[in-house]
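A.B. asks: Below are the structure tokens for one structure; questions will follow.
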Amino acid sequence: MKFISKYRRHKGALPILIMLALTGLGFTFSAATAAPASNTMSASAKSTLVEEGQTIFLKGCSSCHGLNAEGGAIAPSLIGVGAASVDFQVGTGRMPMQDMSQQAMRKKPVYNDEQVAALAAYVASLAPGPASLTNEQITWERDGNTADGGELFRNNCAMCHNFAGQGGALTQGKYAPTLMGVEPKHIYEAMITGPQSMPVFSDKIITPEEKLSIIKWIKAAESEPNLGGASLGRVGPVTEGLLIWVFGLGLLIGIAVWLTAKAR
Amino acid sequence: MSKELEPLADPGLPEHIHRKADIDPIAAKRAERQVAILFSLSAVGTLLFIYSFFFIKVDQFIFLPILGNTNAHQLGIGLGMAAGLFFIGIGAVHWAKTLMPDQEVIAQRHEFKSEPEDRDAFVKAAKDGAEAAGLGRRPLIKRTLIGAAALAGLPGVLMLRDTGPLPGKELEKTNWKSGTRLVTDPGDRPIKASDLEVGAVAQVLPELLPGQKRTLEDIGKDAVLLIRLRPAEFQLDEERLSWTHEGIIAFSKICSHMGCAVALYEQTTKHLLCPCHQSTFDVTRAAKVIFGPAARPLPQLAITVDGEGNLIAKQPFTEAVGPSFWERSS
């Protein structure tokens, strides 16, 4: 105690106290927010899938989507969106949202596969909607056709997701995300549910076989090596132009200065 | 005229300052070595090019910081050729700047006009030649030559005709006629209204008649985007509302600004965005331009259903699709 009273008027005392307070607050907060996840795990042991999903929903989703998934001022209704929508949004980490920005982005999923399945079962129990899929059901390697997929992709997807599936900008901060490294089932679910800005691609417009072809083309584009040298993000003339304008012209200007400098 | 105004005296050349290499043999030797090193680097670059060309496999990849996985074959070829050319140039400039003479030398210009004797001789030779050819005595040859030379210029002018013929009314017409079925692109399948759920889009083209072929020009004018909304979301006048069917609305996909394919549809905002210049169209208000350089809304295609429930065009487009042109009537 003597030690504390000795240093309490030290000029470093206040900053240290503030740091300690902030750290303590941070740990308390993370402990508080981590609690729901561990609670749901114990609940899963004694309740059915739908009830478990409802429990997760009430804790993790209802503050925005409403206690009965009816939606609210800041979040849409989830009645009738189907299990596929939940599997896509939660399985890719887009939901729950990190912040109220223009668009939910792909990140490390908050819930594990069983929890996603439970949430999907709960949302599907509210009203019928597209069912969620597993990667085994998406038989793109067997039933897809890369050439057809390329044509379909250029006609239906390339305008937003870029001709090489790298993604692109939309209006006011929204964007079409890159398709590289996305699980086949998530690509399929996105096409049938139309998440966020993306429109729906109905099965009669793009048949299930055609959807598999699109996935096969995306996977082919993903594994395509950059035989031509550095890809520069595969977004076309913008990065190429930027590179040559900044580095190419910079080099030329440097050489011009050196050429005209008087030798000593 | 004031007598004080004297022309400026010629300041002459600035005093010549010798470079280090001019006075110090050690510096000269060093400069010589530097030039030799630069030329050798160029040789190494060329050898790297040859080595990469023959001995690095085209699908060999190496990992580089920042660049990531990079094709070693292309990298070697590119770096080798760049070094081969770059260091020859750099070496030559360094050579010139350090070792070659740097005294300023005045080169006097001479008159461009030839000597009078040469000029007279040329005129005489030309006259003698014309006399020998006998053009004055043989008017037939002279006239036919003039005629042939004048005609020879004509093909050059005539070939300009290949830039035509003028399109006439072609730009105003598309293959959409009253009753043409809407089919998917690609796939050519007819579409029923029930095939589209709310929020769904479809890229469509007019159905081909038997024996008809679709050209790129056709697709460039006929491409249409089909969007389904909730009917309550439309803010259309009576006529335009009658052009939709159960919330399904059809627009020409060709931007009214520069003709890019406008198909970036944001389902949440109901905005259509053109990827080329960011013109933004509000689908709920008949593709009204709400942002960007486009001057007109996208032309709307009136649609309805036939007896089998397939979506068909009610009537052709009422205006020319795509960007403006001089003869455009609307």
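Within each chain, counting starts at residue 1; across the structure tokens, chains are named A, B, ... in the order shown, with ligands numbered 1 upward in that order.
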Within 12 Å of B:Gln74, counting only C-alpha atoms, which residues show up once you throw out same-chain ones fewer than 5 positions away? Write them as a list in words, please.

C.D. replies: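 Answer for this query is Asn226, Leu227, Gly228, Gly229, Ala230 and Ser231 of chain A; Leu48, Phe49, Ile50, Tyr51, Ser52, Phe53, Phe54, Phe55, Ile56, Lys57, Val58, Asp59, Gln60, Phe61, Ile62, Leu79, Gly80, Met81 and Ala82 of chain B.
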
A.B. asks: Generate a file of the selected residues that holds N, CA and C atoms, formatted as an mmCIF file, in the first residue's frame.

C.D. replies:
data_model
loop_
_atom_site.group_PDB
_atom_site.id
_atom_site.type_symbol
_atom_site.label_atom_id
_atom_site.label_comp_id
_atom_site.auth_asym_id
_atom_site.auth_seq_id
_atom_site.Cartn_x
_atom_site.Cartn_y
_atom_site.Cartn_z
ATOM 1 N N ASN A 226 -1.618 -17.987 -63.596
ATOM 2 C CA ASN A 226 -1.371 -16.743 -64.336
ATOM 3 C C ASN A 226 -0.161 -16.933 -65.225
ATOM 4 N N LEU A 227 -0.367 -17.599 -66.371
ATOM 5 C CA LEU A 227 0.767 -17.900 -67.240
ATOM 6 C C LEU A 227 1.376 -16.645 -67.843
ATOM 7 N N GLY A 228 0.608 -15.591 -67.893
ATOM 8 C CA GLY A 228 1.100 -14.373 -68.540
ATOM 9 C C GLY A 228 1.927 -13.481 -67.641
ATOM 10 N N GLY A 229 2.250 -13.917 -66.426
ATOM 11 C CA GLY A 229 3.001 -13.063 -65.521
ATOM 12 C C GLY A 229 2.130 -12.590 -64.388
ATOM 13 N N ALA A 230 2.522 -11.480 -63.743
ATOM 14 C CA ALA A 230 1.768 -10.992 -62.585
ATOM 15 C C ALA A 230 0.339 -10.653 -62.990
ATOM 16 N N SER A 231 -0.641 -11.094 -62.183
ATOM 17 C CA SER A 231 -2.045 -10.894 -62.580
ATOM 18 C C SER A 231 -2.532 -9.507 -62.229
ATOM 19 N N LEU B 48 20.137 -14.214 -69.483
ATOM 20 C CA LEU B 48 19.003 -14.644 -68.656
ATOM 21 C C LEU B 48 17.770 -14.868 -69.531
ATOM 22 N N PHE B 49 17.584 -13.962 -70.491
ATOM 23 C CA PHE B 49 16.463 -14.126 -71.425
ATOM 24 C C PHE B 49 16.579 -15.463 -72.157
ATOM 25 N N ILE B 50 17.775 -15.722 -72.717
ATOM 26 C CA ILE B 50 17.955 -16.950 -73.499
ATOM 27 C C ILE B 50 17.758 -18.172 -72.609
ATOM 28 N N TYR B 51 18.324 -18.109 -71.381
ATOM 29 C CA TYR B 51 18.190 -19.241 -70.462
ATOM 30 C C TYR B 51 16.717 -19.482 -70.132
ATOM 31 N N SER B 52 15.978 -18.398 -69.770
ATOM 32 C CA SER B 52 14.563 -18.552 -69.402
ATOM 33 C C SER B 52 13.767 -19.079 -70.580
ATOM 34 N N PHE B 53 14.093 -18.577 -71.750
ATOM 35 C CA PHE B 53 13.334 -18.969 -72.943
ATOM 36 C C PHE B 53 13.424 -20.468 -73.179
ATOM 37 N N PHE B 54 14.633 -21.021 -73.002
ATOM 38 C CA PHE B 54 14.799 -22.438 -73.347
ATOM 39 C C PHE B 54 14.660 -23.366 -72.154
ATOM 40 N N PHE B 55 15.114 -22.940 -70.974
ATOM 41 C CA PHE B 55 15.281 -23.921 -69.903
ATOM 42 C C PHE B 55 14.295 -23.799 -68.744
ATOM 43 N N ILE B 56 13.545 -22.682 -68.637
ATOM 44 C CA ILE B 56 12.525 -22.615 -67.573
ATOM 45 C C ILE B 56 11.189 -23.018 -68.198
ATOM 46 N N LYS B 57 10.522 -23.982 -67.563
ATOM 47 C CA LYS B 57 9.260 -24.473 -68.131
ATOM 48 C C LYS B 57 8.198 -23.387 -68.058
ATOM 49 N N VAL B 58 7.271 -23.378 -69.035
ATOM 50 C CA VAL B 58 6.273 -22.306 -69.093
ATOM 51 C C VAL B 58 5.343 -22.331 -67.892
ATOM 52 N N ASP B 59 5.182 -23.486 -67.244
ATOM 53 C CA ASP B 59 4.275 -23.524 -66.093
ATOM 54 C C ASP B 59 5.024 -23.584 -64.777
ATOM 55 N N GLN B 60 6.276 -23.122 -64.782
ATOM 56 C CA GLN B 60 7.058 -23.085 -63.543
ATOM 57 C C GLN B 60 6.716 -21.818 -62.766
ATOM 58 N N PHE B 61 6.298 -21.986 -61.493
ATOM 59 C CA PHE B 61 5.942 -20.818 -60.685
ATOM 60 C C PHE B 61 6.903 -20.681 -59.523
ATOM 61 N N ILE B 62 7.240 -19.448 -59.167
ATOM 62 C CA ILE B 62 8.036 -19.224 -57.958
ATOM 63 C C ILE B 62 7.307 -18.203 -57.097
ATOM 64 N N LEU B 79 12.448 -9.868 -67.303
ATOM 65 C CA LEU B 79 13.568 -9.197 -66.630
ATOM 66 C C LEU B 79 14.812 -9.223 -67.505
ATOM 67 N N GLY B 80 15.065 -10.374 -68.169
ATOM 68 C CA GLY B 80 16.247 -10.509 -69.007
ATOM 69 C C GLY B 80 16.229 -9.511 -70.148
ATOM 70 N N MET B 81 15.100 -9.424 -70.835
ATOM 71 C CA MET B 81 15.037 -8.513 -71.975
ATOM 72 C C MET B 81 15.135 -7.063 -71.513
ATOM 73 N N ALA B 82 14.452 -6.762 -70.387
ATOM 74 C CA ALA B 82 14.502 -5.391 -69.868
ATOM 75 C C ALA B 82 15.931 -5.022 -69.514
#

A.B. asks: Near chain B, meaning an atom within 8 Å, which residues of chain A appear when counting only C-alpha atoms? Write them as a PyMOL selection string.

C.D. replies: chain A and resi 151-152+155-156+159-160+170-171+194+196-205+226-230+259+262-264

A.B. asks: What's the 12 Å shell around A:Glu70, counting only C-alpha atoms, without same-chain residues fewer than 5 positions away, as an MDAnalysis selection string?

C.D. replies: chainID A and resid 61:65 75:81 123 126:127

A.B. asks: Quick one: residues within 12 Å of B:Ala302, only C-alpha atoms counted, chain neighbours fewer than 2 positions away excluded, as an mmCIF file with N, CA and C atoms, in the first residue's frame?

C.D. replies:
data_model
loop_
_atom_site.group_PDB
_atom_site.id
_atom_site.type_symbol
_atom_site.label_atom_id
_atom_site.label_comp_id
_atom_site.auth_asym_id
_atom_site.auth_seq_id
_atom_site.Cartn_x
_atom_site.Cartn_y
_atom_site.Cartn_z
ATOM 1 N N TRP B 176 -37.919 -7.231 -81.854
ATOM 2 C CA TRP B 176 -39.111 -7.366 -80.999
ATOM 3 C C TRP B 176 -40.336 -6.927 -81.784
ATOM 4 N N LYS B 177 -41.260 -7.857 -81.955
ATOM 5 C CA LYS B 177 -42.508 -7.513 -82.625
ATOM 6 C C LYS B 177 -43.636 -7.861 -81.686
ATOM 7 N N SER B 178 -44.831 -7.405 -82.035
ATOM 8 C CA SER B 178 -45.975 -7.730 -81.201
ATOM 9 C C SER B 178 -46.146 -9.248 -81.164
ATOM 10 N N GLY B 179 -46.090 -9.840 -79.981
ATOM 11 C CA GLY B 179 -46.285 -11.283 -79.847
ATOM 12 C C GLY B 179 -45.000 -12.086 -79.827
ATOM 13 N N THR B 180 -43.829 -11.453 -79.997
ATOM 14 C CA THR B 180 -42.567 -12.206 -79.928
ATOM 15 C C THR B 180 -42.365 -12.750 -78.515
ATOM 16 N N ARG B 181 -42.065 -14.067 -78.442
ATOM 17 C CA ARG B 181 -41.858 -14.640 -77.117
ATOM 18 C C ARG B 181 -40.491 -14.243 -76.566
ATOM 19 N N LEU B 182 -40.422 -14.069 -75.252
ATOM 20 C CA LEU B 182 -39.155 -13.774 -74.583
ATOM 21 C C LEU B 182 -38.483 -15.100 -74.257
ATOM 22 N N VAL B 224 -32.526 -7.676 -73.642
ATOM 23 C CA VAL B 224 -33.493 -7.099 -72.709
ATOM 24 C C VAL B 224 -33.272 -7.726 -71.341
ATOM 25 N N LEU B 226 -35.090 -8.581 -67.731
ATOM 26 C CA LEU B 226 -36.405 -8.794 -67.123
ATOM 27 C C LEU B 226 -36.219 -8.781 -65.612
ATOM 28 N N GLU B 239 -49.983 4.142 -68.449
ATOM 29 C CA GLU B 239 -49.566 3.448 -69.657
ATOM 30 C C GLU B 239 -48.388 2.518 -69.369
ATOM 31 N N ARG B 240 -47.368 3.044 -68.688
ATOM 32 C CA ARG B 240 -46.186 2.239 -68.413
ATOM 33 C C ARG B 240 -46.522 1.064 -67.495
ATOM 34 N N LEU B 241 -47.488 1.275 -66.583
ATOM 35 C CA LEU B 241 -47.876 0.188 -65.688
ATOM 36 C C LEU B 241 -48.524 -0.936 -66.495
ATOM 37 N N SER B 242 -49.246 -0.546 -67.554
ATOM 38 C CA SER B 242 -49.892 -1.569 -68.386
ATOM 39 C C SER B 242 -48.857 -2.326 -69.220
ATOM 40 N N TRP B 243 -47.633 -1.811 -69.293
ATOM 41 C CA TRP B 243 -46.565 -2.496 -70.030
ATOM 42 C C TRP B 243 -45.893 -3.562 -69.171
ATOM 43 N N THR B 244 -46.197 -3.596 -67.864
ATOM 44 C CA THR B 244 -45.616 -4.614 -66.998
ATOM 45 C C THR B 244 -46.612 -5.755 -66.845
ATOM 46 N N HIS B 245 -46.124 -6.868 -66.288
ATOM 47 C CA HIS B 245 -47.032 -7.994 -66.066
ATOM 48 C C HIS B 245 -46.769 -8.579 -64.693
ATOM 49 N N ILE B 248 -43.540 -7.859 -63.278
ATOM 50 C CA ILE B 248 -42.380 -8.101 -64.143
ATOM 51 C C ILE B 248 -42.255 -6.933 -65.113
ATOM 52 N N ILE B 249 -41.084 -6.339 -65.144
ATOM 53 C CA ILE B 249 -40.861 -5.188 -66.020
ATOM 54 C C ILE B 249 -39.642 -5.491 -66.892
ATOM 55 N N ALA B 250 -39.679 -5.021 -68.139
ATOM 56 C CA ALA B 250 -38.608 -5.332 -69.096
ATOM 57 C C ALA B 250 -38.015 -4.045 -69.636
ATOM 58 N N PHE B 251 -36.668 -3.968 -69.606
ATOM 59 C CA PHE B 251 -35.974 -2.807 -70.166
ATOM 60 C C PHE B 251 -34.939 -3.253 -71.180
ATOM 61 N N SER B 252 -34.705 -2.409 -72.162
ATOM 62 C CA SER B 252 -33.571 -2.645 -73.051
ATOM 63 C C SER B 252 -32.306 -2.604 -72.211
ATOM 64 N N ALA B 286 -39.650 3.601 -64.083
ATOM 65 C CA ALA B 286 -39.444 3.412 -65.525
ATOM 66 C C ALA B 286 -38.024 3.752 -65.948
ATOM 67 N N PRO B 299 -35.178 2.372 -72.717
ATOM 68 C CA PRO B 299 -36.485 2.091 -73.306
ATOM 69 C C PRO B 299 -37.144 0.886 -72.631
ATOM 70 N N GLN B 300 -38.438 1.018 -72.334
ATOM 71 C CA GLN B 300 -39.160 -0.081 -71.694
ATOM 72 C C GLN B 300 -39.872 -0.896 -72.760
ATOM 73 N N THR B 304 -46.593 -8.916 -71.989
ATOM 74 C CA THR B 304 -47.815 -9.527 -71.498
ATOM 75 C C THR B 304 -47.624 -11.038 -71.628
ATOM 76 N N VAL B 305 -48.681 -11.814 -71.444
ATOM 77 C CA VAL B 305 -48.537 -13.267 -71.607
ATOM 78 C C VAL B 305 -49.449 -13.761 -72.729
ATOM 79 N N LEU B 311 -44.298 -15.396 -71.459
ATOM 80 C CA LEU B 311 -44.156 -13.946 -71.596
ATOM 81 C C LEU B 311 -43.880 -13.595 -73.052
ATOM 82 N N ILE B 312 -44.627 -12.595 -73.561
ATOM 83 C CA ILE B 312 -44.423 -12.132 -74.940
ATOM 84 C C ILE B 312 -44.351 -10.609 -74.943
ATOM 85 N N ALA B 313 -43.806 -10.078 -76.038
ATOM 86 C CA ALA B 313 -43.788 -8.631 -76.196
ATOM 87 C C ALA B 313 -45.169 -8.189 -76.663
ATOM 88 N N LYS B 314 -45.666 -7.131 -76.040
ATOM 89 C CA LYS B 314 -46.987 -6.622 -76.427
ATOM 90 C C LYS B 314 -46.877 -5.830 -77.717
ATOM 91 N N GLN B 315 -45.771 -5.150 -77.883
ATOM 92 C CA GLN B 315 -45.551 -4.299 -79.060
ATOM 93 C C GLN B 315 -44.052 -4.090 -79.199
ATOM 94 N N PRO B 316 -43.581 -3.645 -80.371
ATOM 95 C CA PRO B 316 -42.148 -3.365 -80.494
ATOM 96 C C PRO B 316 -41.762 -2.206 -79.572
ATOM 97 N N PHE B 317 -40.445 -1.993 -79.419
ATOM 98 C CA PHE B 317 -39.997 -0.810 -78.686
ATOM 99 C C PHE B 317 -40.585 0.435 -79.338
ATOM 100 N N THR B 318 -41.007 1.407 -78.529
ATOM 101 C CA THR B 318 -41.601 2.612 -79.109
ATOM 102 C C THR B 318 -40.568 3.667 -79.442
ATOM 103 N N GLU B 319 -39.298 3.401 -79.086
ATOM 104 C CA GLU B 319 -38.234 4.341 -79.438
ATOM 105 C C GLU B 319 -36.985 3.539 -79.765
#

A.B. asks: Could you please determine the separation between atom CA of B:Phe291 and atom CA of B:His257 in Å, to one decimal place?

C.D. replies: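 That distance, rounded to one decimal, is 11.9 Å.
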
A.B. asks: Stretch 60-162 of chain A: which residues are alpha helix (DSSP H) by DSSP, as a PyMOL selection string?

C.D. replies: chain A and resi 60+62-65+82-91+113-126+140-143+146-156+158-161

A.B. asks: For A:Phe163, which residue out of A:Val235, A:Leu243, A:Pro15, A:Trp140 is the nearest one, using only C-alpha atoms?

C.D. replies: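 Among A:Val235, A:Leu243, A:Pro15, A:Trp140, it is A:Val235 that comes nearest to A:Phe163.
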